[in-house]
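J.: Please read through the structure below; I'll follow up with questions.
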Amino acid sequence: SISSTVASTGRGEYCLSKAGVSMATKLWAARMGEFGVPVYEIRPGIIQTDMTSTVKEKYDKLIAGGLLVQPRWGLPEDIGKAAAALVRGDLAYSTGQIIMVDGGYSVERL
């Protein structure tokens, strides 16, 4: 989740758990590489799910105001497609990497 690097004071425990997953990805990639086992982190952005339904209005406004490069909510299918690419081995020489599925949230812009 983008919450591994984006602080959300109302969900500190969630952010900390996601930061831990990010480190685990690096550690497992370093440990499993010699065995040919790739490890990745899929880092979702703002995804339309039951969990985000309570903040829909807030994020609708932020998205409309330019928060994302791709001006729409992410969908569970977006995450599934990224996972499918990894399962197929499409990124075979990329172990330990973060796969951003965030609609461009993480793109630095002026």
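Ligands are numbered from 1 in the order shown, residues from 1 within each chain, and chains are lettered A, B, ... in the order they appear in the structure tokens.
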Write out as a VMD selection string each polymer residue whose atoms come within 7 Å of Trp73 (chain A), counting only C-alpha atoms; drop sequence neighbours fewer than 5 positions from it.
T.: chain A and resid 46 to 48
J.: My list of candidates is A:Leu62, A:Val69, A:Ile99, A:Val55. Which is closest to Thr25 (chain A) when distances are computed with only C-alpha atoms?
T.: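 Counting only C-alpha atoms, the residue closest to Thr25 (chain A) is A:Ile99.
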J.: If you run DSSP on the backbone here, which positions in chain A get strand (DSSP E or B)? Please write them as a VMD selection string.
T.: chain A and resid 41 to 44 47 74 98 to 101
J.: Using only C-alpha atoms for the distances, tell me which of A:Gly96, A:Gly45, A:Gly66, A:Gly104 is nearest to Met32 (chain A).
T.: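 For Met32 (chain A), the nearest of the given residues is A:Gly96.
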J.: What lies within 8 Å of Cys15 (chain A) using only C-alpha atoms, ignoring chain neighbours under 3 positions off, as a ChimeraX atom specification?
T.: /A:3-8,11-12,18-19
J.: Would you output that residue set with N, CA and C atoms, as a compact mmCIF listing (two decimals), in the first residue's frame?
T.:
# COMPACT_ATOMS: atom_id res chain seq x y z
N SER A 3 0.50 3.46 1.76
CA SER A 3 0.61 3.82 3.18
C SER A 3 1.91 3.36 3.81
N SER A 4 2.72 2.61 3.08
CA SER A 4 4.03 2.21 3.60
C SER A 4 4.99 3.39 3.62
N THR A 5 4.71 4.40 2.79
CA THR A 5 5.59 5.58 2.73
C THR A 5 4.84 6.90 2.88
N VAL A 6 3.51 6.87 2.83
CA VAL A 6 2.69 8.07 2.95
C VAL A 6 2.04 8.05 4.34
N ALA A 7 2.43 8.99 5.18
CA ALA A 7 1.93 9.02 6.56
C ALA A 7 0.46 9.41 6.61
N SER A 8 -0.30 8.66 7.37
CA SER A 8 -1.71 8.95 7.61
C SER A 8 -1.91 8.88 9.12
N ARG A 11 -4.25 6.54 10.86
CA ARG A 11 -4.11 5.10 10.67
C ARG A 11 -2.65 4.69 10.83
N GLY A 12 -2.03 5.15 11.88
CA GLY A 12 -0.61 4.88 12.09
C GLY A 12 -0.26 3.40 12.10
N LYS A 18 2.30 -1.72 6.82
CA LYS A 18 2.64 -1.70 5.40
C LYS A 18 4.13 -1.43 5.20
N ALA A 19 4.72 -0.61 6.04
CA ALA A 19 6.17 -0.38 5.97
C ALA A 19 6.91 -1.67 6.28
J.: Looking only at the backbone, which of the residues in region 1-75 of chain A does DSSP tag as alpha helix (DSSP H), as a PyMOL selection string?
T.: chain A and resi 12-32+56-64
J.: So the first atom is CA of Tyr59 (chain A) and the second is CA of Arg109 (chain A); what is the distance between them in Å, to one decimal place?
T.: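 So the two atoms, CA of Tyr59 (chain A) and CA of Arg109 (chain A), lie 19.0 Å apart.
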J.: At what distance in Å, to one decimal, does CA of Ala24 (chain A) lie from CA of Asp50 (chain A)?
T.: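 Taking CA of Asp50 (chain A) as the start and CA of Ala24 (chain A) as the end point, the length is 26.3 Å.
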J.: Check the smallest atom-to-atom distance from each of A:Val21, A:Val107, A:Glu13, A:Ser1 to Leu68 (chain A) using only C-alpha atoms, then report the winner.
T.: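 Among the listed residues, the smallest separation from Leu68 (chain A) belongs to A:Val107.
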J.: Show which residues sit within 10 Å of region 80-93 of chain A, as a VMD selection string. Count only C-alpha atoms, and ignore same-chain residues fewer than 2 positions away.
T.: chain A and resid 36 to 44 75 to 78 95 to 97 99 to 101
J.: For the selection you just gave me, I'd like the residues written to a file as a compact mmCIF listing (two decimals), in the first residue's frame, keeping all heavy atoms.
T.:
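Dumped to again29.txt:
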# COMPACT_ATOMS: atom_id res chain seq x y z
N GLY A 36 16.10 -18.83 -7.10
CA GLY A 36 15.27 -18.49 -8.26
C GLY A 36 13.84 -18.15 -7.91
O GLY A 36 12.95 -18.24 -8.76
N VAL A 37 13.59 -17.76 -6.66
CA VAL A 37 12.24 -17.40 -6.23
C VAL A 37 12.14 -15.88 -6.19
O VAL A 37 12.73 -15.24 -5.33
CB VAL A 37 11.92 -17.99 -4.84
CG1 VAL A 37 10.52 -17.55 -4.38
CG2 VAL A 37 12.05 -19.50 -4.84
N PRO A 38 11.41 -15.29 -7.13
CA PRO A 38 11.26 -13.83 -7.12
C PRO A 38 10.25 -13.39 -6.07
O PRO A 38 9.29 -14.10 -5.78
CB PRO A 38 10.77 -13.51 -8.53
CG PRO A 38 10.03 -14.74 -8.95
CD PRO A 38 10.73 -15.90 -8.28
N VAL A 39 10.49 -12.23 -5.51
CA VAL A 39 9.60 -11.66 -4.50
C VAL A 39 9.31 -10.21 -4.90
O VAL A 39 10.23 -9.49 -5.28
CB VAL A 39 10.25 -11.69 -3.10
CG1 VAL A 39 9.32 -11.09 -2.05
CG2 VAL A 39 10.64 -13.11 -2.72
N TYR A 40 8.07 -9.82 -4.84
CA TYR A 40 7.65 -8.49 -5.25
C TYR A 40 6.71 -7.89 -4.21
O TYR A 40 6.08 -8.61 -3.45
CB TYR A 40 6.90 -8.52 -6.59
CG TYR A 40 7.62 -9.25 -7.68
CD1 TYR A 40 7.34 -10.57 -7.97
CD2 TYR A 40 8.58 -8.59 -8.44
CE1 TYR A 40 8.00 -11.23 -8.99
CE2 TYR A 40 9.25 -9.24 -9.46
CZ TYR A 40 8.96 -10.56 -9.73
OH TYR A 40 9.62 -11.21 -10.73
N GLU A 41 6.61 -6.59 -4.26
CA GLU A 41 5.59 -5.89 -3.48
C GLU A 41 4.68 -5.17 -4.45
O GLU A 41 5.15 -4.35 -5.25
CB GLU A 41 6.23 -4.87 -2.55
CG GLU A 41 5.22 -4.04 -1.79
CD GLU A 41 5.83 -2.89 -1.01
OE1 GLU A 41 7.06 -2.81 -0.89
OE2 GLU A 41 5.04 -2.05 -0.52
N ILE A 42 3.41 -5.46 -4.40
CA ILE A 42 2.43 -4.68 -5.15
C ILE A 42 1.95 -3.60 -4.19
O ILE A 42 1.46 -3.89 -3.10
CB ILE A 42 1.25 -5.53 -5.64
CG1 ILE A 42 1.75 -6.57 -6.65
CG2 ILE A 42 0.16 -4.63 -6.25
CD1 ILE A 42 0.69 -7.53 -7.13
N ARG A 43 2.12 -2.35 -4.60
CA ARG A 43 1.79 -1.22 -3.72
C ARG A 43 0.58 -0.48 -4.29
O ARG A 43 0.73 0.43 -5.10
CB ARG A 43 2.99 -0.29 -3.57
CG ARG A 43 2.81 0.69 -2.43
CD ARG A 43 4.05 1.52 -2.21
NE ARG A 43 5.11 0.75 -1.56
CZ ARG A 43 6.31 1.22 -1.30
NH1 ARG A 43 6.61 2.46 -1.64
NH2 ARG A 43 7.21 0.47 -0.71
N PRO A 44 -0.63 -0.83 -3.86
CA PRO A 44 -1.83 -0.17 -4.34
C PRO A 44 -1.94 1.26 -3.83
O PRO A 44 -1.48 1.58 -2.74
CB PRO A 44 -2.97 -1.01 -3.78
CG PRO A 44 -2.36 -2.27 -3.30
CD PRO A 44 -0.94 -1.94 -2.97
N LEU A 75 -9.22 0.07 -9.17
CA LEU A 75 -10.17 -1.01 -8.99
C LEU A 75 -9.44 -2.28 -8.57
O LEU A 75 -8.26 -2.45 -8.90
CB LEU A 75 -10.94 -1.26 -10.29
CG LEU A 75 -11.71 -0.07 -10.85
CD1 LEU A 75 -12.28 -0.40 -12.22
CD2 LEU A 75 -12.81 0.35 -9.88
N PRO A 76 -10.12 -3.18 -7.87
CA PRO A 76 -9.48 -4.44 -7.52
C PRO A 76 -8.89 -5.15 -8.74
O PRO A 76 -7.84 -5.79 -8.65
CB PRO A 76 -10.61 -5.25 -6.88
CG PRO A 76 -11.50 -4.20 -6.28
CD PRO A 76 -11.46 -3.06 -7.29
N GLU A 77 -9.53 -5.01 -9.88
CA GLU A 77 -9.02 -5.64 -11.11
C GLU A 77 -7.64 -5.10 -11.50
O GLU A 77 -6.84 -5.81 -12.10
CB GLU A 77 -9.97 -5.41 -12.29
CG GLU A 77 -11.38 -5.93 -12.09
CD GLU A 77 -12.31 -4.89 -11.47
OE1 GLU A 77 -12.92 -4.08 -12.20
OE2 GLU A 77 -12.44 -4.92 -10.22
N ASP A 78 -7.39 -3.83 -11.20
CA ASP A 78 -6.08 -3.25 -11.49
C ASP A 78 -4.99 -3.99 -10.70
O ASP A 78 -3.90 -4.25 -11.23
CB ASP A 78 -6.06 -1.76 -11.14
CG ASP A 78 -7.01 -0.94 -12.01
OD1 ASP A 78 -7.08 -1.18 -13.23
OD2 ASP A 78 -7.69 -0.05 -11.45
N THR A 95 13.32 -9.08 -9.19
CA THR A 95 12.99 -9.45 -7.82
C THR A 95 13.27 -8.31 -6.84
O THR A 95 14.16 -7.49 -7.04
CB THR A 95 13.72 -10.73 -7.37
OG1 THR A 95 13.13 -11.20 -6.15
CG2 THR A 95 15.20 -10.51 -7.19
N GLY A 96 12.46 -8.25 -5.80
CA GLY A 96 12.62 -7.25 -4.75
C GLY A 96 12.04 -5.89 -5.09
O GLY A 96 12.20 -4.96 -4.32
N GLN A 97 11.35 -5.80 -6.21
CA GLN A 97 10.86 -4.50 -6.67
C GLN A 97 9.45 -4.19 -6.19
O GLN A 97 8.66 -5.09 -5.92
CB GLN A 97 10.90 -4.43 -8.20
CG GLN A 97 12.30 -4.57 -8.76
CD GLN A 97 13.25 -3.55 -8.17
OE1 GLN A 97 13.02 -2.35 -8.26
NE2 GLN A 97 14.32 -4.02 -7.53
N ILE A 99 5.93 -2.75 -7.23
CA ILE A 99 5.07 -2.55 -8.39
C ILE A 99 3.98 -1.56 -7.95
O ILE A 99 3.09 -1.90 -7.18
CB ILE A 99 4.43 -3.87 -8.87
CG1 ILE A 99 5.48 -4.99 -9.01
CG2 ILE A 99 3.64 -3.64 -10.16
CD1 ILE A 99 6.64 -4.71 -9.91
N MET A 100 4.11 -0.33 -8.42
CA MET A 100 3.17 0.71 -8.04
C MET A 100 1.89 0.58 -8.89
O MET A 100 1.97 0.58 -10.12
CB MET A 100 3.78 2.09 -8.26
CG MET A 100 5.05 2.34 -7.47
SD MET A 100 4.87 2.23 -5.69
CE MET A 100 3.89 3.67 -5.35
N VAL A 101 0.77 0.46 -8.24
CA VAL A 101 -0.53 0.43 -8.90
C VAL A 101 -1.35 1.52 -8.21
O VAL A 101 -2.22 1.27 -7.39
CB VAL A 101 -1.19 -0.96 -8.79
CG1 VAL A 101 -2.50 -0.99 -9.57
CG2 VAL A 101 -0.25 -2.06 -9.28
J.: Which is closer to Lys26 (chain A) than all the others in A:Asp102, A:Ser94, A:Ile2, A:Glu108, using only C-alpha atoms?
T.: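 Looking at the shortest contact to Lys26 (chain A), the residue is A:Ser94.
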J.: Expressed in Å to a single decimal, how great is the separation between CA of Gly103 (chain A) and CA of Thr9 (chain A)?
T.: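 Rounded to one decimal, the two atoms are 22.4 Å apart.
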